[in-house]
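Visitor: Below you'll find model.cif; it's mmCIF, C-alpha atoms.
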data_input
#
loop_
_atom_site.label_atom_id
_atom_site.label_comp_id
_atom_site.auth_asym_id
_atom_site.auth_seq_id
_atom_site.Cartn_x
_atom_site.Cartn_y
_atom_site.Cartn_z
CA MET A 184 122.91 156.18 -136.64
CA ASP A 185 120.55 153.98 -138.65
CA PRO A 186 121.78 151.89 -141.64
CA ILE A 187 119.94 153.98 -144.24
CA THR A 188 121.70 157.16 -143.11
CA VAL A 189 125.07 155.43 -142.99
CA SER A 190 124.64 153.91 -146.45
CA CYS A 191 123.65 157.32 -147.88
CA ILE A 192 126.74 158.91 -146.33
CA VAL A 193 128.89 156.13 -147.81
CA ALA A 194 127.39 156.56 -151.28
CA VAL A 195 127.81 160.35 -151.20
CA SER A 196 131.38 160.07 -149.92
CA ILE A 197 132.43 157.64 -152.64
CA PHE A 198 130.76 159.65 -155.39
CA ALA A 199 132.37 162.84 -154.07
CA ALA A 200 135.78 161.14 -154.17
CA ALA A 201 135.21 160.21 -157.81
CA VAL A 202 134.17 163.78 -158.69
CA ILE A 203 137.25 165.12 -156.89
CA GLY A 204 139.34 162.75 -159.02
CA LEU A 205 137.74 164.14 -162.17
CA ARG A 206 138.53 167.64 -161.01
CA LEU A 207 142.13 166.75 -160.09
CA HIS A 208 142.76 165.60 -163.64
CA GLN A 209 142.04 169.13 -164.80
CA VAL A 210 144.18 170.99 -162.25
CA LEU A 211 147.21 168.70 -161.88
CA PRO A 212 150.33 169.58 -163.90
CA ASP A 213 151.04 167.42 -166.94
CA ALA A 214 154.08 165.95 -165.20
CA HIS A 215 151.72 164.33 -162.68
CA LEU A 216 149.56 162.81 -165.41
CA SER A 217 152.24 161.05 -167.43
CA LYS A 218 151.72 157.48 -168.57
CA GLU A 219 154.21 156.16 -166.01
CA THR A 220 152.48 158.03 -163.18
CA LEU A 221 149.03 156.76 -164.16
CA ASP A 222 150.39 153.21 -164.46
CA VAL A 223 151.66 153.39 -160.88
CA ILE A 224 148.29 154.71 -159.72
CA ARG A 225 146.51 151.87 -161.52
CA LEU A 226 148.83 149.31 -159.92
CA GLY A 227 148.24 150.67 -156.43
CA THR A 228 144.50 150.91 -157.08
CA GLY A 229 144.43 147.28 -158.22
CA MET A 230 146.04 146.10 -154.99
CA LEU A 231 143.70 148.26 -152.93
CA SER A 232 140.70 146.96 -154.88
CA VAL A 233 141.60 143.38 -153.98
CA LEU A 234 141.89 144.28 -150.30
CA ALA A 235 138.60 146.18 -150.33
CA SER A 236 136.82 143.31 -152.08
CA LEU A 237 138.11 140.81 -149.54
CA VAL A 238 137.12 142.96 -146.57
CA LEU A 239 133.66 143.75 -147.98
CA GLY A 240 133.06 140.06 -148.66
CA LEU A 241 134.24 139.20 -145.16
CA LEU A 242 131.89 141.79 -143.62
CA ILE A 243 128.90 140.45 -145.53
CA ALA A 244 129.78 136.85 -144.62
CA THR A 245 130.26 137.77 -140.94
CA ALA A 246 126.99 139.68 -140.74
CA LYS A 247 125.10 136.91 -142.57
CA SER A 248 126.56 134.21 -140.32
CA SER A 249 125.56 136.17 -137.22
CA TYR A 250 122.07 136.73 -138.62
CA ASP A 251 121.61 133.05 -139.49
CA ALA A 252 122.90 131.96 -136.07
CA THR A 253 120.41 134.24 -134.32
CA ASP A 254 117.57 133.05 -136.54
CA HIS A 255 118.44 129.41 -135.77
CA ALA A 256 118.65 130.22 -132.06
CA ILE A 257 115.17 131.79 -132.10
CA ARG A 258 113.70 128.72 -133.82
CA THR A 259 115.41 126.43 -131.32
CA TYR A 260 114.17 128.59 -128.47
CA ALA A 261 110.59 128.43 -129.76
CA ALA A 262 110.82 124.65 -130.12
CA SER A 263 112.08 124.36 -126.53
CA LEU A 264 109.17 126.49 -125.28
CA ILE A 265 106.70 124.18 -127.04
CA LEU A 266 108.45 121.10 -125.67
CA LEU A 267 108.39 122.44 -122.11
CA HIS A 268 104.71 123.32 -122.37
CA GLU A 269 103.85 119.86 -123.73
CA THR A 270 105.88 118.22 -120.96
CA LEU A 271 103.99 120.23 -118.34
CA ARG A 272 100.70 119.35 -120.04
CA ASP A 273 101.59 115.66 -119.81
CA TYR A 274 102.42 116.14 -116.13
CA GLY A 275 98.81 116.94 -115.39
CA ASP A 276 96.66 119.57 -113.75
CA ASP A 277 99.24 120.17 -111.00
CA ALA A 278 101.38 121.98 -113.59
CA ALA A 279 98.57 124.21 -114.92
CA ALA A 280 99.97 127.30 -113.18
CA GLN A 281 103.40 126.71 -114.72
CA ARG A 282 101.87 126.39 -118.19
CA THR A 283 100.03 129.69 -117.71
CA MET A 284 103.23 131.42 -116.63
CA LEU A 285 105.10 129.96 -119.60
CA ARG A 286 102.44 131.29 -121.95
CA SER A 287 102.65 134.72 -120.28
CA TYR A 288 106.41 134.69 -120.73
CA THR A 289 106.09 133.89 -124.44
CA GLU A 290 103.56 136.71 -124.90
CA THR A 291 105.87 139.14 -123.08
CA LEU A 292 108.85 138.08 -125.19
CA LEU A 293 106.90 138.57 -128.41
CA ALA A 294 105.67 142.01 -127.39
CA TYR A 295 109.17 143.05 -126.35
CA LYS A 296 111.19 141.77 -129.30
CA TRP A 297 108.57 142.34 -131.99
CA PRO A 298 106.30 145.23 -130.91
CA GLU A 299 103.34 145.87 -133.17
CA HIS A 300 103.84 149.63 -133.08
CA GLY A 301 107.04 151.63 -132.71
CA GLU A 302 110.65 150.62 -132.38
CA ARG A 303 111.89 147.84 -130.19
CA ARG A 304 113.27 148.96 -126.85
CA ALA A 305 116.96 149.78 -126.67
CA GLN A 306 117.63 147.39 -123.77
CA ALA A 307 119.04 144.01 -124.66
CA GLU A 308 116.59 142.16 -122.43
CA ASP A 309 113.30 142.41 -120.63
CA ARG A 310 114.15 141.82 -116.97
CA ALA A 311 110.51 141.18 -116.04
CA ALA A 312 110.28 138.44 -118.68
CA GLY A 313 113.55 136.93 -117.49
CA GLN A 314 112.32 136.85 -113.92
CA LEU A 315 109.10 135.22 -115.08
CA LEU A 316 111.03 132.46 -116.84
CA GLU A 317 113.16 131.91 -113.73
CA HIS A 318 109.99 131.74 -111.66
CA VAL A 319 108.67 129.06 -114.01
CA ARG A 320 111.70 126.91 -113.23
CA GLU A 321 111.37 127.54 -109.49
CA THR A 322 107.72 126.50 -109.44
CA ILE A 323 108.52 123.41 -111.50
CA ARG A 324 111.07 122.42 -108.88
CA ALA A 325 108.35 122.78 -106.24
CA LEU A 326 106.17 120.14 -107.91
CA ARG A 327 105.78 116.84 -106.06
CA PRO A 328 105.44 113.85 -108.40
CA VAL A 329 103.18 111.03 -107.25
CA ASP A 330 104.50 108.27 -109.49
CA GLU A 331 107.47 107.36 -111.67
CA GLY A 332 105.87 108.84 -114.77
CA GLN A 333 105.48 112.27 -113.19
CA LYS A 334 108.96 112.03 -111.73
CA TRP A 335 110.43 111.49 -115.20
CA LEU A 336 108.36 114.33 -116.64
CA LEU A 337 109.52 116.60 -113.82
CA GLU A 338 113.16 115.81 -114.58
CA GLN A 339 112.58 116.54 -118.26
CA ALA A 340 110.81 119.81 -117.48
CA LEU A 341 113.64 120.96 -115.23
CA GLN A 342 116.20 120.10 -117.87
CA ILE A 343 114.31 121.99 -120.59
CA SER A 344 113.70 125.03 -118.37
CA SER A 345 117.39 125.21 -117.50
CA SER A 346 118.23 124.96 -121.19
CA LEU A 347 115.79 127.79 -121.94
CA LEU A 348 117.48 130.04 -119.42
CA GLN A 349 120.85 129.27 -120.96
CA GLN A 350 119.55 129.91 -124.49
CA ARG A 351 118.00 133.18 -123.33
CA TRP A 352 121.32 134.50 -122.07
CA LEU A 353 123.05 133.35 -125.25
CA LEU A 354 120.52 135.34 -127.29
CA ILE A 355 121.15 138.39 -125.13
CA GLU A 356 124.92 138.08 -125.51
CA GLN A 357 124.64 137.58 -129.28
CA GLU A 358 122.50 140.67 -129.74
CA GLY A 359 125.41 143.11 -129.89
CA PRO A 360 126.86 144.13 -133.24
CA SER A 361 129.40 141.78 -134.81
CA VAL A 362 130.71 144.32 -137.34
CA LYS A 363 132.98 146.95 -135.83
CA PRO A 364 132.35 150.53 -137.03
CA MET A 365 136.08 151.16 -137.49
CA ILE A 366 136.27 148.36 -140.05
CA VAL A 367 133.48 149.98 -142.06
CA VAL A 368 135.24 153.37 -141.86
CA ILE A 369 138.53 151.91 -143.10
CA LEU A 370 136.77 150.02 -145.89
CA VAL A 371 134.91 153.11 -147.09
CA THR A 372 138.15 155.10 -147.01
CA TRP A 373 139.83 152.51 -149.23
CA ILE A 374 136.92 152.53 -151.68
CA ALA A 375 136.89 156.34 -151.75
CA LEU A 376 140.60 156.32 -152.65
CA ILE A 377 139.93 153.78 -155.39
CA PHE A 378 137.22 155.97 -156.90
CA LEU A 379 139.47 158.99 -156.57
CA SER A 380 142.02 157.22 -158.74
CA PHE A 381 139.26 156.18 -161.16
CA GLY A 382 138.31 159.82 -161.50
CA ILE A 383 141.88 160.82 -162.29
CA ASN A 384 142.12 158.21 -165.04
CA ALA A 385 138.60 158.51 -166.47
CA PRO A 386 137.46 160.67 -169.41
CA ARG A 387 135.27 163.68 -168.60
CA ASN A 388 131.71 163.06 -169.79
CA ALA A 389 128.22 162.49 -168.40
CA THR A 390 128.36 158.73 -168.93
CA VAL A 391 131.36 158.40 -166.62
CA VAL A 392 129.68 160.55 -163.97
CA GLY A 393 126.53 158.43 -164.23
CA ALA A 394 128.55 155.23 -163.89
CA PHE A 395 130.28 156.62 -160.80
CA LEU A 396 126.89 157.49 -159.31
CA VAL A 397 125.47 153.99 -159.93
CA CYS A 398 128.56 152.30 -158.47
CA SER A 399 128.50 154.56 -155.42
CA VAL A 400 124.85 153.74 -154.75
CA ALA A 401 125.59 150.02 -155.19
CA ILE A 402 128.42 150.12 -152.63
CA GLY A 403 126.21 152.12 -150.27
CA GLY A 404 123.62 149.36 -150.69
CA ALA A 405 126.22 146.73 -149.80
CA VAL A 406 127.07 148.61 -146.60
CA PHE A 407 123.33 148.91 -145.85
CA LEU A 408 122.99 145.13 -146.25
CA VAL A 409 125.87 144.52 -143.84
CA LEU A 410 124.46 146.86 -141.19
CA GLU A 411 120.92 145.49 -141.56
CA LEU A 412 122.06 141.89 -141.17
CA ASP A 413 124.07 142.93 -138.14
CA ARG A 414 120.93 143.93 -136.20
CA PRO A 415 118.60 140.93 -136.62
CA PHE A 416 115.80 142.23 -134.37
CA ASP A 417 115.44 145.62 -136.08
CA GLY A 418 115.04 147.14 -139.52
CA VAL A 419 113.60 145.79 -142.74
CA LEU A 420 115.50 142.49 -142.55
CA ARG A 421 114.66 141.66 -138.96
CA ILE A 422 114.13 138.05 -137.96
CA SER A 423 110.58 136.78 -138.23
CA ALA A 424 108.55 136.33 -135.06
CA GLN A 425 106.65 133.43 -136.66
CA PRO A 426 108.41 130.65 -134.66
CA LEU A 427 107.35 132.24 -131.36
CA ARG A 428 103.85 132.94 -132.63
CA ILE A 429 103.56 129.26 -133.57
CA ALA A 430 104.80 128.34 -130.09
CA LEU A 431 102.17 130.62 -128.55
CA THR A 432 99.48 128.93 -130.63
CA HIS A 433 100.52 125.52 -129.28
CA MET A 434 100.21 126.90 -125.74
CA ALA A 435 96.51 127.63 -126.08
CA PRO A 436 94.58 126.40 -123.02
#
Take the structure I supplied and represent it as structure tokens, if you would.

Guide:
Amino acid sequence: MDPITVSCIVAVSIFAAAVIGLRLHQVLPDAHLSKETLDVIRLGTGMLSVLASLVLGLLIATAKSSYDATDHAIRTYAASLILLHETLRDYGDDAAAQRTMLRSYTETLLAYKWPEHGERRAQAEDRAAGQLLEHVRETIRALRPVDEGQKWLLEQALQISSSLLQQRWLLIEQEGPSVKPMIVVILVTWIALIFLSFGINAPRNATVVGAFLVCSVAIGGAVFLVLELDRPFDGVLRISAQPLRIALTHMAP
């Protein structure tokens, strides 16, 4: 289920809870609406509000940290691709085939993670691209340096290619969601209960209903933000492909 649908469901659920609270105030016996009873409800709602605020803040911080970490990893990955290509360029014409394969890998990665048309594939990785990157390392190992300079460059290229493979698997492992759906469900349940109590205590007029609607939409927007940040390669807040495009530009023949 996409974040927009989830956030709409959250907003509707919270607003419905508030409306139910408004209706309960009309049907509950007077004994259940005494000052002492409402004070107890307000006390419990206050404690629940603190918990909900903490959890919502934690979810946003967790999703943002995961998003920032992935963004940093992509920029580091692009820089490593440029460095490997430049190292192979310095090696000489013997490494021309490896540079071509590295460029092909970067093009494949861009097309897979950031397709120009349609949604990104559901798989966490492109196996063909991974095999191409592994083949780049294998062909680098097959190079035969003729002097100390090429030997040093070969060692550097092997080190960078191994680091790229490691970074690739880290990106794949980090791609899964960091926010558990059950936490979101529990949080929304708490907030719905809070708005239910607000409805019981609130006066019955259009201004109150409008305020409930605005607050419900705002909380739905917060949930949307969490879910969007939690999928960095999809949606309206997806990570920019600019670092890899820049790397591809540097790999021009």

Visitor: Around segment 206-211 of chain A, with edges along x, y and z and 6 Å added on all six sides, what centre and edge lengths do you get, in Å to one decimal, as AutoDock Vina command-line options?

Guide:
--center_x 142.9 --center_y 168.3 --center_z -162.4 --size_x 20.7 --size_y 17.4 --size_z 16.7

Visitor: Check the smallest atom-to-atom distance from each of A:Ile343, A:Phe407, A:Leu315, A:Asn388 to Val419 of chain A using all atoms listed in the file, then report the winner.

Guide: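 Closest to Val419 of chain A of all the choices is A:Phe407.
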
Visitor: Residues at most 7 Å from segment 214-230 of chain A, counting all atoms listed in the file, excluding those fewer than 4 positions away in the same chain, as a list in words?

Guide: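 Near segment 214-230 of chain A, the qualifying residues are Leu234, Ile377 and Ser380 of chain A.
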
Visitor: Take the PyMOL selection byres ((chain A and resi 362) around 7), apply it to the structure above, and return the hits as a JSON list (two decimals) with C-alpha atoms, in the frame of the given file.

Guide:
[["chain", "number", "residue", "atom", "x", "y", "z"],
["A", 242, "LEU", "CA", 131.89, 141.79, -143.62],
["A", 246, "ALA", "CA", 126.99, 139.68, -140.74],
["A", 360, "PRO", "CA", 126.86, 144.13, -133.24],
["A", 361, "SER", "CA", 129.40, 141.78, -134.81],
["A", 363, "LYS", "CA", 132.98, 146.95, -135.83],
["A", 364, "PRO", "CA", 132.35, 150.53, -137.03],
["A", 413, "ASP", "CA", 124.07, 142.93, -138.14]]

Visitor: Which is closest to Leu316 of chain A among A:Lys334, A:Arg282, A:Lys296, A:His208, if we use all atoms listed in the file?

Guide: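 Ranked by minimum distance to Leu316 of chain A, first place goes to A:Arg282.
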
Visitor: Restricting the calculation to all atoms listed in the file: of A:Pro186, A:His433, A:Glu321, A:Trp352, which residue gets closest to Asp417 of chain A?

Guide: A:Pro186

Visitor: Within 10 Å of segment 286-291 of chain A, counting all atoms listed in the file, which residues show up once you throw out same-chain ones fewer than 4 positions away? Write them as number ranges by chain, please.

Guide: A: 261, 264-265, 268, 280-282, 295-298, 309, 311-316, 319, 427-428, 430-436

Visitor: Expanded to explicit residues, what is the PyMOL selection byres ((chain A and resi 408) around 9) for this file, as JSON, numbers by chain?

Guide: {"A": [186, 190, 243, 246, 403, 404, 405, 406, 407, 409, 410, 411, 412, 413, 420]}

Visitor: Could you check how far atom CA of Leu239 of chain A sits from atom CA of Val371 of chain A, in Å to one decimal?

Guide: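 Atom CA of Val371 of chain A lies 9.5 Å from atom CA of Leu239 of chain A.
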
Visitor: From the list A:Gln357, A:Ile203, A:Arg272, A:Glu331, which residue is nearest Arg414 of chain A when using all atoms listed in the file?

Guide: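 Using all atoms listed in the file, Arg414 of chain A sits closest to A:Gln357.
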
Visitor: Translate the PyMOL selection byres ((chain A and resi 376) around 9), as applied to the file shown, into an explicit residue set as a tab-separated table (two decimals) with C-alpha atoms, in the frame of the given file.

Guide:
chain	number	residue	atom	x	y	z
A	197	ILE	CA	132.43	157.64	-152.64
A	200	ALA	CA	135.78	161.14	-154.17
A	201	ALA	CA	135.21	160.21	-157.81
A	228	THR	CA	144.50	150.91	-157.08
A	231	LEU	CA	143.70	148.26	-152.93
A	371	VAL	CA	134.91	153.11	-147.09
A	372	THR	CA	138.15	155.10	-147.01
A	373	TRP	CA	139.83	152.51	-149.23
A	374	ILE	CA	136.92	152.53	-151.68
A	375	ALA	CA	136.89	156.34	-151.75
A	377	ILE	CA	139.93	153.78	-155.39
A	378	PHE	CA	137.22	155.97	-156.90
A	379	LEU	CA	139.47	158.99	-156.57
A	380	SER	CA	142.02	157.22	-158.74
A	381	PHE	CA	139.26	156.18	-161.16

Visitor: Between A:Ile429, A:Gly418, A:Leu396, A:Arg351, which one has atoms that come closest to Cys191 of chain A, using all atoms listed in the file?

Guide: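 Distance minimum relative to Cys191 of chain A lands on A:Leu396.
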
Visitor: Between A:Ser399, A:Gln350, A:Thr390, A:Ile366, which one has atoms that come closest to His255 of chain A, using all atoms listed in the file?

Guide: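 Among A:Ser399, A:Gln350, A:Thr390, A:Ile366, it is A:Gln350 that comes nearest to His255 of chain A.
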
Visitor: So what do you get for atom CA of Gln339 of chain A versus atom CA of His318 of chain A, distance-wise?

Guide: 16.8 Å

Visitor: Figure out the distance between atom CA of Leu336 of chain A and atom CA of Ala256 of chain A, please, to one decimal in Å.

Guide: 24.4 Å
